[in-house]
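A.B. asks: Got a structure for you, upload.cif, holding mmCIF, N, CA and C atoms.
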```
data_final
loop_
_atom_site.group_PDB
_atom_site.id
_atom_site.type_symbol
_atom_site.label_atom_id
_atom_site.label_comp_id
_atom_site.auth_asym_id
_atom_site.auth_seq_id
_atom_site.Cartn_x
_atom_site.Cartn_y
_atom_site.Cartn_z
ATOM 1 N N MET A 1 -29.023 -53.568 49.425
ATOM 2 C CA MET A 1 -28.603 -54.891 49.027
ATOM 3 C C MET A 1 -27.183 -55.105 49.552
ATOM 4 N N LYS A 2 -26.959 -56.259 50.133
ATOM 5 C CA LYS A 2 -25.634 -56.563 50.636
ATOM 6 C C LYS A 2 -24.653 -56.719 49.487
ATOM 7 N N ARG A 3 -23.407 -56.447 49.810
ATOM 8 C CA ARG A 3 -22.356 -56.529 48.786
ATOM 9 C C ARG A 3 -22.255 -57.922 48.172
ATOM 10 N N THR A 4 -22.343 -58.992 48.976
ATOM 11 C CA THR A 4 -22.244 -60.356 48.439
ATOM 12 C C THR A 4 -23.422 -60.665 47.535
ATOM 13 N N HIS A 5 -24.614 -60.147 47.880
ATOM 14 C CA HIS A 5 -25.776 -60.363 47.018
ATOM 15 C C HIS A 5 -25.632 -59.611 45.695
ATOM 16 N N LEU A 6 -25.055 -58.417 45.762
ATOM 17 C CA LEU A 6 -24.842 -57.636 44.556
ATOM 18 C C LEU A 6 -23.854 -58.352 43.629
ATOM 19 N N ILE A 7 -22.785 -58.871 44.193
ATOM 20 C CA ILE A 7 -21.790 -59.605 43.388
ATOM 21 C C ILE A 7 -22.432 -60.849 42.772
ATOM 22 N N ALA A 8 -23.213 -61.579 43.566
ATOM 23 C CA ALA A 8 -23.884 -62.779 43.046
ATOM 24 C C ALA A 8 -24.846 -62.407 41.925
ATOM 25 N N ALA A 9 -25.573 -61.320 42.079
ATOM 26 C CA ALA A 9 -26.517 -60.886 41.041
ATOM 27 C C ALA A 9 -25.775 -60.511 39.760
ATOM 28 N N LEU A 10 -24.645 -59.825 39.898
ATOM 29 C CA LEU A 10 -23.852 -59.476 38.732
ATOM 30 C C LEU A 10 -23.318 -60.716 38.039
ATOM 31 N N LEU A 11 -22.830 -61.686 38.816
ATOM 32 C CA LEU A 11 -22.322 -62.922 38.229
ATOM 33 C C LEU A 11 -23.418 -63.691 37.516
ATOM 34 N N LEU A 12 -24.612 -63.736 38.113
ATOM 35 C CA LEU A 12 -25.729 -64.423 37.466
ATOM 36 C C LEU A 12 -26.106 -63.726 36.164
ATOM 37 N N GLY A 13 -26.050 -62.412 36.159
ATOM 38 C CA GLY A 13 -26.340 -61.670 34.939
ATOM 39 C C GLY A 13 -25.336 -61.972 33.846
ATOM 40 N N LEU A 14 -24.061 -62.050 34.216
ATOM 41 C CA LEU A 14 -23.033 -62.398 33.239
ATOM 42 C C LEU A 14 -23.206 -63.821 32.758
ATOM 43 N N ALA A 15 -23.587 -64.735 33.655
ATOM 44 C CA ALA A 15 -23.786 -66.129 33.250
ATOM 45 C C ALA A 15 -24.914 -66.235 32.244
ATOM 46 N N SER A 16 -26.005 -65.499 32.456
ATOM 47 C CA SER A 16 -27.114 -65.576 31.505
ATOM 48 C C SER A 16 -26.733 -64.926 30.175
ATOM 49 N N LEU A 17 -25.909 -63.878 30.215
ATOM 50 C CA LEU A 17 -25.436 -63.258 28.990
ATOM 51 C C LEU A 17 -24.562 -64.229 28.210
ATOM 52 N N THR A 18 -23.675 -64.931 28.907
ATOM 53 C CA THR A 18 -22.810 -65.916 28.258
ATOM 54 C C THR A 18 -23.639 -67.036 27.656
ATOM 55 N N THR A 19 -24.637 -67.517 28.385
ATOM 56 C CA THR A 19 -25.495 -68.582 27.892
ATOM 57 C C THR A 19 -26.226 -68.131 26.634
ATOM 58 N N HIS A 20 -26.711 -66.895 26.630
ATOM 59 C CA HIS A 20 -27.414 -66.371 25.463
ATOM 60 C C HIS A 20 -26.475 -66.280 24.260
ATOM 61 N N ALA A 21 -25.247 -65.799 24.482
ATOM 62 C CA ALA A 21 -24.293 -65.673 23.381
ATOM 63 C C ALA A 21 -23.967 -67.042 22.798
ATOM 64 N N GLN A 22 -23.812 -68.042 23.653
ATOM 65 C CA GLN A 22 -23.501 -69.365 23.160
ATOM 66 C C GLN A 22 -24.679 -69.958 22.399
ATOM 67 N N ALA A 23 -25.883 -69.656 22.808
ATOM 68 C CA ALA A 23 -27.065 -70.225 22.173
ATOM 69 C C ALA A 23 -27.294 -69.649 20.780
ATOM 70 N N THR A 24 -26.752 -68.453 20.503
ATOM 71 C CA THR A 24 -26.997 -67.841 19.204
ATOM 72 C C THR A 24 -25.961 -68.226 18.155
ATOM 73 N N GLU A 25 -24.871 -68.892 18.560
ATOM 74 C CA GLU A 25 -23.871 -69.334 17.595
ATOM 75 C C GLU A 25 -24.392 -70.548 16.837
ATOM 76 N N PRO A 26 -23.992 -70.698 15.549
ATOM 77 C CA PRO A 26 -24.445 -71.867 14.797
ATOM 78 C C PRO A 26 -23.938 -73.155 15.443
ATOM 79 N N ALA A 27 -24.787 -74.135 15.517
ATOM 80 C CA ALA A 27 -24.437 -75.378 16.185
ATOM 81 C C ALA A 27 -23.781 -76.346 15.219
ATOM 82 N N LEU A 28 -22.710 -76.965 15.657
ATOM 83 C CA LEU A 28 -22.073 -78.046 14.925
ATOM 84 C C LEU A 28 -22.024 -79.242 15.856
ATOM 85 N N THR A 29 -22.392 -80.381 15.351
ATOM 86 C CA THR A 29 -22.318 -81.571 16.181
ATOM 87 C C THR A 29 -20.986 -82.255 15.955
ATOM 88 N N VAL A 30 -20.509 -82.949 16.963
ATOM 89 C CA VAL A 30 -19.238 -83.649 16.861
ATOM 90 C C VAL A 30 -19.507 -85.128 16.675
ATOM 91 N N ASN A 31 -18.944 -85.679 15.623
ATOM 92 C CA ASN A 31 -19.074 -87.093 15.336
ATOM 93 C C ASN A 31 -17.690 -87.694 15.459
ATOM 94 N N ASN A 32 -17.515 -88.688 16.292
ATOM 95 C CA ASN A 32 -16.208 -89.304 16.486
ATOM 96 C C ASN A 32 -16.105 -90.553 15.624
ATOM 97 N N PRO A 33 -15.386 -90.473 14.493
ATOM 98 C CA PRO A 33 -15.334 -91.610 13.581
ATOM 99 C C PRO A 33 -14.303 -92.665 13.959
ATOM 100 N N GLY A 34 -13.675 -92.534 15.115
ATOM 101 C CA GLY A 34 -12.678 -93.524 15.507
ATOM 102 C C GLY A 34 -11.375 -93.293 14.782
ATOM 103 N N ASP A 35 -10.810 -94.333 14.213
ATOM 104 C CA ASP A 35 -9.499 -94.246 13.574
ATOM 105 C C ASP A 35 -9.567 -93.967 12.081
ATOM 106 N N ARG A 36 -10.664 -93.495 11.589
ATOM 107 C CA ARG A 36 -10.831 -93.286 10.152
ATOM 108 C C ARG A 36 -9.993 -92.142 9.614
ATOM 109 N N ILE A 37 -9.761 -91.094 10.393
ATOM 110 C CA ILE A 37 -9.010 -89.923 9.953
ATOM 111 C C ILE A 37 -7.672 -89.903 10.685
ATOM 112 N N HIS A 38 -6.581 -89.743 9.918
ATOM 113 C CA HIS A 38 -5.236 -89.708 10.495
ATOM 114 C C HIS A 38 -4.547 -88.418 10.079
ATOM 115 N N ILE A 39 -3.822 -87.808 11.012
ATOM 116 C CA ILE A 39 -3.029 -86.619 10.733
ATOM 117 C C ILE A 39 -1.587 -86.953 11.080
ATOM 118 N N TYR A 40 -0.681 -86.768 10.142
ATOM 119 C CA TYR A 40 0.725 -87.082 10.394
ATOM 120 C C TYR A 40 1.604 -86.219 9.506
ATOM 121 N N PRO A 41 2.895 -86.056 9.776
ATOM 122 C CA PRO A 41 3.507 -86.300 11.082
ATOM 123 C C PRO A 41 3.061 -85.215 12.048
ATOM 124 N N ASN A 42 3.068 -85.495 13.282
ATOM 125 C CA ASN A 42 2.656 -84.531 14.298
ATOM 126 C C ASN A 42 3.443 -84.826 15.565
ATOM 127 N N PRO A 43 4.403 -84.000 15.924
ATOM 128 C CA PRO A 43 4.699 -82.665 15.390
ATOM 129 C C PRO A 43 5.385 -82.711 14.032
ATOM 130 N N SER A 44 5.447 -81.519 13.403
ATOM 131 C CA SER A 44 6.014 -81.399 12.062
ATOM 132 C C SER A 44 6.708 -80.048 11.945
ATOM 133 N N HIS A 45 7.497 -79.893 10.887
ATOM 134 C CA HIS A 45 8.100 -78.592 10.598
ATOM 135 C C HIS A 45 7.139 -77.720 9.804
ATOM 136 N N GLY A 46 5.914 -78.185 9.591
ATOM 137 C CA GLY A 46 4.902 -77.350 8.955
ATOM 138 C C GLY A 46 4.003 -78.057 7.972
ATOM 139 N N THR A 47 4.440 -79.177 7.388
ATOM 140 C CA THR A 47 3.599 -79.894 6.434
ATOM 141 C C THR A 47 2.946 -81.076 7.141
ATOM 142 N N PHE A 48 1.612 -81.099 7.084
ATOM 143 C CA PHE A 48 0.820 -82.168 7.704
ATOM 144 C C PHE A 48 -0.013 -82.836 6.620
ATOM 145 N N TYR A 49 -0.203 -84.126 6.745
ATOM 146 C CA TYR A 49 -1.066 -84.872 5.825
ATOM 147 C C TYR A 49 -2.298 -85.337 6.581
ATOM 148 N N PHE A 50 -3.440 -85.044 6.020
ATOM 149 C CA PHE A 50 -4.724 -85.454 6.587
ATOM 150 C C PHE A 50 -5.256 -86.578 5.708
ATOM 151 N N ASN A 51 -5.341 -87.776 6.251
ATOM 152 C CA ASN A 51 -5.854 -88.942 5.511
ATOM 153 C C ASN A 51 -7.308 -89.201 5.872
ATOM 154 N N GLY A 52 -8.108 -89.530 4.864
ATOM 155 C CA GLY A 52 -9.514 -89.857 5.076
ATOM 156 C C GLY A 52 -10.408 -88.647 5.151
ATOM 157 N N VAL A 53 -10.053 -87.573 4.435
ATOM 158 C CA VAL A 53 -10.789 -86.310 4.574
ATOM 159 C C VAL A 53 -11.400 -85.782 3.276
ATOM 160 N N LYS A 54 -11.420 -86.572 2.206
ATOM 161 C CA LYS A 54 -11.926 -86.077 0.920
ATOM 162 C C LYS A 54 -13.320 -85.473 1.080
ATOM 163 N N SER A 55 -13.504 -84.303 0.471
ATOM 164 C CA SER A 55 -14.758 -83.536 0.495
ATOM 165 C C SER A 55 -15.085 -82.950 1.862
ATOM 166 N N SER A 56 -14.135 -82.950 2.768
ATOM 167 C CA SER A 56 -14.316 -82.326 4.084
ATOM 168 C C SER A 56 -13.606 -80.982 4.100
ATOM 169 N N VAL A 57 -14.054 -80.097 4.971
ATOM 170 C CA VAL A 57 -13.390 -78.814 5.165
ATOM 171 C C VAL A 57 -12.421 -78.964 6.333
ATOM 172 N N ILE A 58 -11.183 -78.531 6.121
ATOM 173 C CA ILE A 58 -10.170 -78.544 7.176
ATOM 174 C C ILE A 58 -9.950 -77.101 7.599
ATOM 175 N N GLU A 59 -10.128 -76.831 8.880
ATOM 176 C CA GLU A 59 -9.891 -75.497 9.431
ATOM 177 C C GLU A 59 -8.814 -75.600 10.489
ATOM 178 N N VAL A 60 -7.899 -74.630 10.489
ATOM 179 C CA VAL A 60 -6.840 -74.565 11.489
ATOM 180 C C VAL A 60 -6.857 -73.166 12.083
ATOM 181 N N VAL A 61 -6.802 -73.090 13.416
ATOM 182 C CA VAL A 61 -6.772 -71.801 14.110
ATOM 183 C C VAL A 61 -5.576 -71.766 15.058
ATOM 184 N N ASP A 62 -5.084 -70.545 15.306
ATOM 185 C CA ASP A 62 -3.972 -70.384 16.241
ATOM 186 C C ASP A 62 -4.508 -70.289 17.669
ATOM 187 N N LEU A 63 -3.614 -70.074 18.621
ATOM 188 C CA LEU A 63 -4.021 -70.033 20.026
ATOM 189 C C LEU A 63 -4.917 -68.849 20.353
ATOM 190 N N LEU A 64 -4.932 -67.834 19.496
ATOM 191 C CA LEU A 64 -5.804 -66.683 19.699
ATOM 192 C C LEU A 64 -7.176 -66.877 19.061
ATOM 193 N N GLY A 65 -7.355 -68.019 18.396
ATOM 194 C CA GLY A 65 -8.629 -68.301 17.751
ATOM 195 C C GLY A 65 -8.736 -67.739 16.342
ATOM 196 N N GLN A 66 -7.637 -67.215 15.812
ATOM 197 C CA GLN A 66 -7.640 -66.671 14.453
ATOM 198 C C GLN A 66 -7.469 -67.801 13.446
ATOM 199 N N ARG A 67 -8.344 -67.852 12.458
ATOM 200 C CA ARG A 67 -8.240 -68.885 11.427
ATOM 201 C C ARG A 67 -7.005 -68.613 10.573
ATOM 202 N N VAL A 68 -6.125 -69.602 10.503
ATOM 203 C CA VAL A 68 -4.907 -69.464 9.704
ATOM 204 C C VAL A 68 -4.946 -70.338 8.458
ATOM 205 N N TYR A 69 -5.915 -71.249 8.398
ATOM 206 C CA TYR A 69 -6.031 -72.123 7.231
ATOM 207 C C TYR A 69 -7.458 -72.636 7.141
ATOM 208 N N SER A 70 -7.988 -72.669 5.931
ATOM 209 C CA SER A 70 -9.299 -73.256 5.694
ATOM 210 C C SER A 70 -9.380 -73.653 4.224
ATOM 211 N N ALA A 71 -9.719 -74.917 3.981
ATOM 212 C CA ALA A 71 -9.849 -75.389 2.600
ATOM 213 C C ALA A 71 -10.668 -76.664 2.582
ATOM 214 N N GLU A 72 -11.300 -76.918 1.435
ATOM 215 C CA GLU A 72 -11.985 -78.187 1.246
ATOM 216 C C GLU A 72 -10.985 -79.175 0.652
ATOM 217 N N ALA A 73 -10.867 -80.327 1.293
ATOM 218 C CA ALA A 73 -9.939 -81.356 0.823
ATOM 219 C C ALA A 73 -10.438 -81.924 -0.495
ATOM 220 N N THR A 74 -9.559 -81.970 -1.474
ATOM 221 C CA THR A 74 -9.914 -82.473 -2.798
ATOM 222 C C THR A 74 -9.436 -83.904 -3.029
ATOM 223 N N SER A 75 -8.721 -84.442 -2.063
ATOM 224 C CA SER A 75 -8.254 -85.823 -2.168
ATOM 225 C C SER A 75 -8.319 -86.473 -0.794
ATOM 226 N N ASP A 76 -8.219 -87.786 -0.779
ATOM 227 C CA ASP A 76 -8.308 -88.508 0.484
ATOM 228 C C ASP A 76 -7.072 -88.291 1.351
ATOM 229 N N ARG A 77 -5.925 -88.063 0.741
ATOM 230 C CA ARG A 77 -4.681 -87.745 1.459
ATOM 231 C C ARG A 77 -4.358 -86.302 1.118
ATOM 232 N N TYR A 78 -4.725 -85.383 2.016
ATOM 233 C CA TYR A 78 -4.661 -83.960 1.717
ATOM 234 C C TYR A 78 -3.560 -83.290 2.543
ATOM 235 N N PRO A 79 -2.564 -82.668 1.869
ATOM 236 C CA PRO A 79 -1.506 -81.980 2.609
ATOM 237 C C PRO A 79 -1.888 -80.533 2.921
ATOM 238 N N ILE A 80 -1.478 -80.053 4.078
ATOM 239 C CA ILE A 80 -1.578 -78.621 4.364
ATOM 240 C C ILE A 80 -0.202 -78.147 4.793
ATOM 241 N N ASP A 81 0.110 -76.904 4.465
ATOM 242 C CA ASP A 81 1.433 -76.344 4.751
ATOM 243 C C ASP A 81 1.297 -75.168 5.706
ATOM 244 N N LEU A 82 1.804 -75.353 6.914
ATOM 245 C CA LEU A 82 1.813 -74.289 7.910
ATOM 246 C C LEU A 82 3.238 -73.809 8.186
ATOM 247 N N SER A 83 4.188 -74.145 7.294
ATOM 248 C CA SER A 83 5.594 -73.830 7.544
ATOM 249 C C SER A 83 5.874 -72.325 7.606
ATOM 250 N N SER A 84 5.010 -71.511 7.027
ATOM 251 C CA SER A 84 5.206 -70.059 7.091
ATOM 252 C C SER A 84 4.645 -69.470 8.388
ATOM 253 N N ARG A 85 3.997 -70.288 9.173
ATOM 254 C CA ARG A 85 3.416 -69.848 10.450
ATOM 255 C C ARG A 85 4.428 -69.975 11.576
ATOM 256 N N ALA A 86 4.175 -69.274 12.650
ATOM 257 C CA ALA A 86 5.049 -69.341 13.824
ATOM 258 C C ALA A 86 5.018 -70.741 14.431
ATOM 259 N N LYS A 87 6.121 -71.133 15.028
ATOM 260 C CA LYS A 87 6.159 -72.408 15.737
ATOM 261 C C LYS A 87 5.158 -72.352 16.875
ATOM 262 N N GLY A 88 4.510 -73.474 17.122
ATOM 263 C CA GLY A 88 3.548 -73.509 18.213
ATOM 264 C C GLY A 88 2.470 -74.543 17.997
ATOM 265 N N ILE A 89 1.431 -74.431 18.811
ATOM 266 C CA ILE A 89 0.311 -75.373 18.798
ATOM 267 C C ILE A 89 -0.864 -74.721 18.084
ATOM 268 N N TYR A 90 -1.475 -75.478 17.186
ATOM 269 C CA TYR A 90 -2.639 -75.020 16.437
ATOM 270 C C TYR A 90 -3.766 -76.040 16.609
ATOM 271 N N SER A 91 -4.972 -75.553 16.646
ATOM 272 C CA SER A 91 -6.139 -76.441 16.717
ATOM 273 C C SER A 91 -6.690 -76.645 15.320
ATOM 274 N N TYR A 92 -7.150 -77.856 15.051
ATOM 275 C CA TYR A 92 -7.777 -78.125 13.762
ATOM 276 C C TYR A 92 -9.138 -78.752 14.002
ATOM 277 N N ARG A 93 -9.971 -78.640 13.004
ATOM 278 C CA ARG A 93 -11.221 -79.392 12.978
ATOM 279 C C ARG A 93 -11.532 -79.753 11.545
ATOM 280 N N ILE A 94 -12.112 -80.929 11.403
ATOM 281 C CA ILE A 94 -12.488 -81.451 10.095
ATOM 282 C C ILE A 94 -14.003 -81.507 10.070
ATOM 283 N N ILE A 95 -14.595 -80.796 9.117
ATOM 284 C CA ILE A 95 -16.051 -80.644 9.067
ATOM 285 C C ILE A 95 -16.574 -81.270 7.779
ATOM 286 N N ASN A 96 -17.617 -82.082 7.913
ATOM 287 C CA ASN A 96 -18.251 -82.702 6.749
ATOM 288 C C ASN A 96 -19.753 -82.660 6.961
ATOM 289 N N ASP A 97 -20.472 -82.051 6.025
ATOM 290 C CA ASP A 97 -21.932 -81.920 6.093
ATOM 291 C C ASP A 97 -22.396 -81.294 7.405
ATOM 292 N N GLY A 98 -21.694 -80.256 7.858
ATOM 293 C CA GLY A 98 -22.099 -79.536 9.065
ATOM 294 C C GLY A 98 -21.754 -80.230 10.372
ATOM 295 N N GLU A 99 -21.067 -81.355 10.308
ATOM 296 C CA GLU A 99 -20.665 -82.068 11.516
ATOM 297 C C GLU A 99 -19.156 -82.018 11.664
ATOM 298 N N ILE A 100 -18.695 -81.799 12.885
ATOM 299 C CA ILE A 100 -17.268 -81.883 13.144
ATOM 300 C C ILE A 100 -16.932 -83.369 13.234
ATOM 301 N N MET A 101 -16.176 -83.825 12.251
ATOM 302 C CA MET A 101 -15.806 -85.240 12.205
ATOM 303 C C MET A 101 -14.667 -85.551 13.166
ATOM 304 N N GLN A 102 -13.768 -84.580 13.331
ATOM 305 C CA GLN A 102 -12.643 -84.761 14.246
ATOM 306 C C GLN A 102 -12.082 -83.395 14.558
ATOM 307 N N GLN A 103 -11.549 -83.252 15.757
ATOM 308 C CA GLN A 103 -10.843 -82.032 16.127
ATOM 309 C C GLN A 103 -9.668 -82.411 17.010
ATOM 310 N N GLY A 104 -8.664 -81.561 16.986
ATOM 311 C CA GLY A 104 -7.484 -81.858 17.780
ATOM 312 C C GLY A 104 -6.448 -80.768 17.621
ATOM 313 N N LYS A 105 -5.201 -81.121 17.884
ATOM 314 C CA LYS A 105 -4.093 -80.168 17.845
ATOM 315 C C LYS A 105 -2.996 -80.693 16.926
ATOM 316 N N VAL A 106 -2.303 -79.757 16.269
ATOM 317 C CA VAL A 106 -1.080 -80.055 15.538
ATOM 318 C C VAL A 106 -0.005 -79.121 16.066
ATOM 319 N N VAL A 107 1.240 -79.584 16.023
ATOM 320 C CA VAL A 107 2.357 -78.810 16.556
ATOM 321 C C VAL A 107 3.348 -78.524 15.428
ATOM 322 N N VAL A 108 3.624 -77.226 15.227
ATOM 323 C CA VAL A 108 4.629 -76.808 14.261
ATOM 324 C C VAL A 108 5.912 -76.562 15.051
ATOM 325 N N GLU A 109 6.975 -77.309 14.686
ATOM 326 C CA GLU A 109 8.274 -77.183 15.385
ATOM 327 C C GLU A 109 9.145 -76.142 14.720
#
```
Would you mind writing the structure in this file as structure tokens?
C.D. replies:
Amino acid sequence: MKRTHLIAALLLGLASLTTHAQATEPALTVNNPGDRIHIYPNPSHGTFYFNGVKSSVIEVVDLLGQRVYSAEATSDRYPIDLSSRAKGIYSYRIINDGEIMQQGKVVVE
């Protein structure tokens, strides 16, 4: 087998492995509600307010994908405090009934 064919075969094998791994993860659908959910201030020194999120789960992960915050919002204007975390960019997602209602980034200064 030629070297280029061997490399292509290895890459195809990795691609099918990646596809299989992605297919076995639980699926969440993304629903874009428009301007219904607001996060402010952003950037912040650590305290963020999530408006329009009552009964939703708010998850925040760092750049390494480690979950640093997760809670169910108990009010429509729900504060989260990341001030004890390192300065940087964090990803958030708001989940309601198994659907991602919104996802984005927050910046801790």
A.B. asks: Can you measure atom CA of Pro43 of chain A to atom C of Glu99 of chain A for me? One decimal in Å is fine.
C.D. replies: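 For atom CA of Pro43 of chain A relative to atom C of Glu99 of chain A, the distance reads 24.2 Å.
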A.B. asks: In the coordinate frame of the file, compute which residues have an atom within 10 Å of (-6.0, -72.1, 12.6) when using only C-alpha atoms, and state them as a list of chain:residue names.
C.D. replies: A:Ile58, A:Glu59, A:Val60, A:Val61, A:Asp62, A:Leu63, A:Leu64, A:Gly65, A:Gln66, A:Arg67, A:Val68, A:Tyr69, A:Ser70, A:Leu82, A:Arg85, A:Ile89, A:Tyr90, A:Ser91, A:Tyr92, A:Arg93, A:Lys105, A:Val106
A.B. asks: Excluding same-chain residues fewer than 6 positions from Arg36 of chain A, what lies within 10 Å of it counting only C-alpha atoms, as a ChimeraX atom specification?
C.D. replies: /A:51-53,101-102
A.B. asks: As a PDB file with N, CA and C atoms, in the coordinates of the input, please: the residues near segment 72-75 of chain A (cut-off 5 Å, all atoms listed in the file, same-chain neighbours under 5 positions excluded).
C.D. replies:
```pdb
ATOM      1  N   LYS A  54     -11.420 -86.572   2.206  1.00  0.00           N
ATOM      2  CA  LYS A  54     -11.926 -86.077   0.920  1.00  0.00           C
ATOM      3  C   LYS A  54     -13.320 -85.473   1.080  1.00  0.00           C
ATOM      4  N   SER A  55     -13.504 -84.303   0.471  1.00  0.00           N
ATOM      5  CA  SER A  55     -14.758 -83.536   0.495  1.00  0.00           C
ATOM      6  C   SER A  55     -15.085 -82.950   1.862  1.00  0.00           C
ATOM      7  N   SER A  56     -14.135 -82.950   2.768  1.00  0.00           N
ATOM      8  CA  SER A  56     -14.316 -82.326   4.084  1.00  0.00           C
ATOM      9  C   SER A  56     -13.606 -80.982   4.100  1.00  0.00           C
ATOM     10  N   VAL A  57     -14.054 -80.097   4.971  1.00  0.00           N
ATOM     11  CA  VAL A  57     -13.390 -78.814   5.165  1.00  0.00           C
ATOM     12  C   VAL A  57     -12.421 -78.964   6.333  1.00  0.00           C
ATOM     13  N   ILE A  58     -11.183 -78.531   6.121  1.00  0.00           N
ATOM     14  CA  ILE A  58     -10.170 -78.544   7.176  1.00  0.00           C
ATOM     15  C   ILE A  58      -9.950 -77.101   7.599  1.00  0.00           C
TER      16      ILE A  58
END
```
A.B. asks: Padding of 3 Å on every side, edges along x, y and z, all listed atoms of segment 45-51 of chain A included: what centre and edge lengths in Å, to one decimal, does that box have, as JSON?
C.D. replies:
```
{"center_x": 0.4, "center_y": -83.3, "center_z": 8.2, "size_x": 21.4, "size_y": 17.9, "size_z": 11.4}
```
A.B. asks: So the first atom is atom CA of Ile95 of chain A and the second is atom CA of Asp76 of chain A; what is the distance between them in Å, to one decimal place?
C.D. replies: 14.0 Å
A.B. asks: For atom CA of Ile100 of chain A and atom CA of Ser83 of chain A, quote the distance in Å rounded to one decimal.
C.D. replies: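 Interatomic distance here is 24.9 Å.
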A.B. asks: On this structure, the PyMOL selection byres ((chain A and resi 109) around 6.5) would catch which residues? List them as a PyMOL selection string, sorted by chain and number.
C.D. replies: chain A and resi 43-46+87-88+107-108
A.B. asks: Can you check which residues of segment 47-90 of chain A DSSP gives as strand (DSSP E or B) on the backbone and send them as a ChimeraX atom specification?
C.D. replies: /A:47-51,57-61,67-72,77-81,88-90
A.B. asks: With the file shown as input, list the residues that the PyMOL selection byres ((chain A and resi 39) around 6) selects, as a list in words.
C.D. replies: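 So the PyMOL selection byres ((chain A and resi 39) around 6) ends up selecting Ile37, His38, Tyr40, Pro41, Asn42, Tyr49, Phe50 and Asn51 of chain A.
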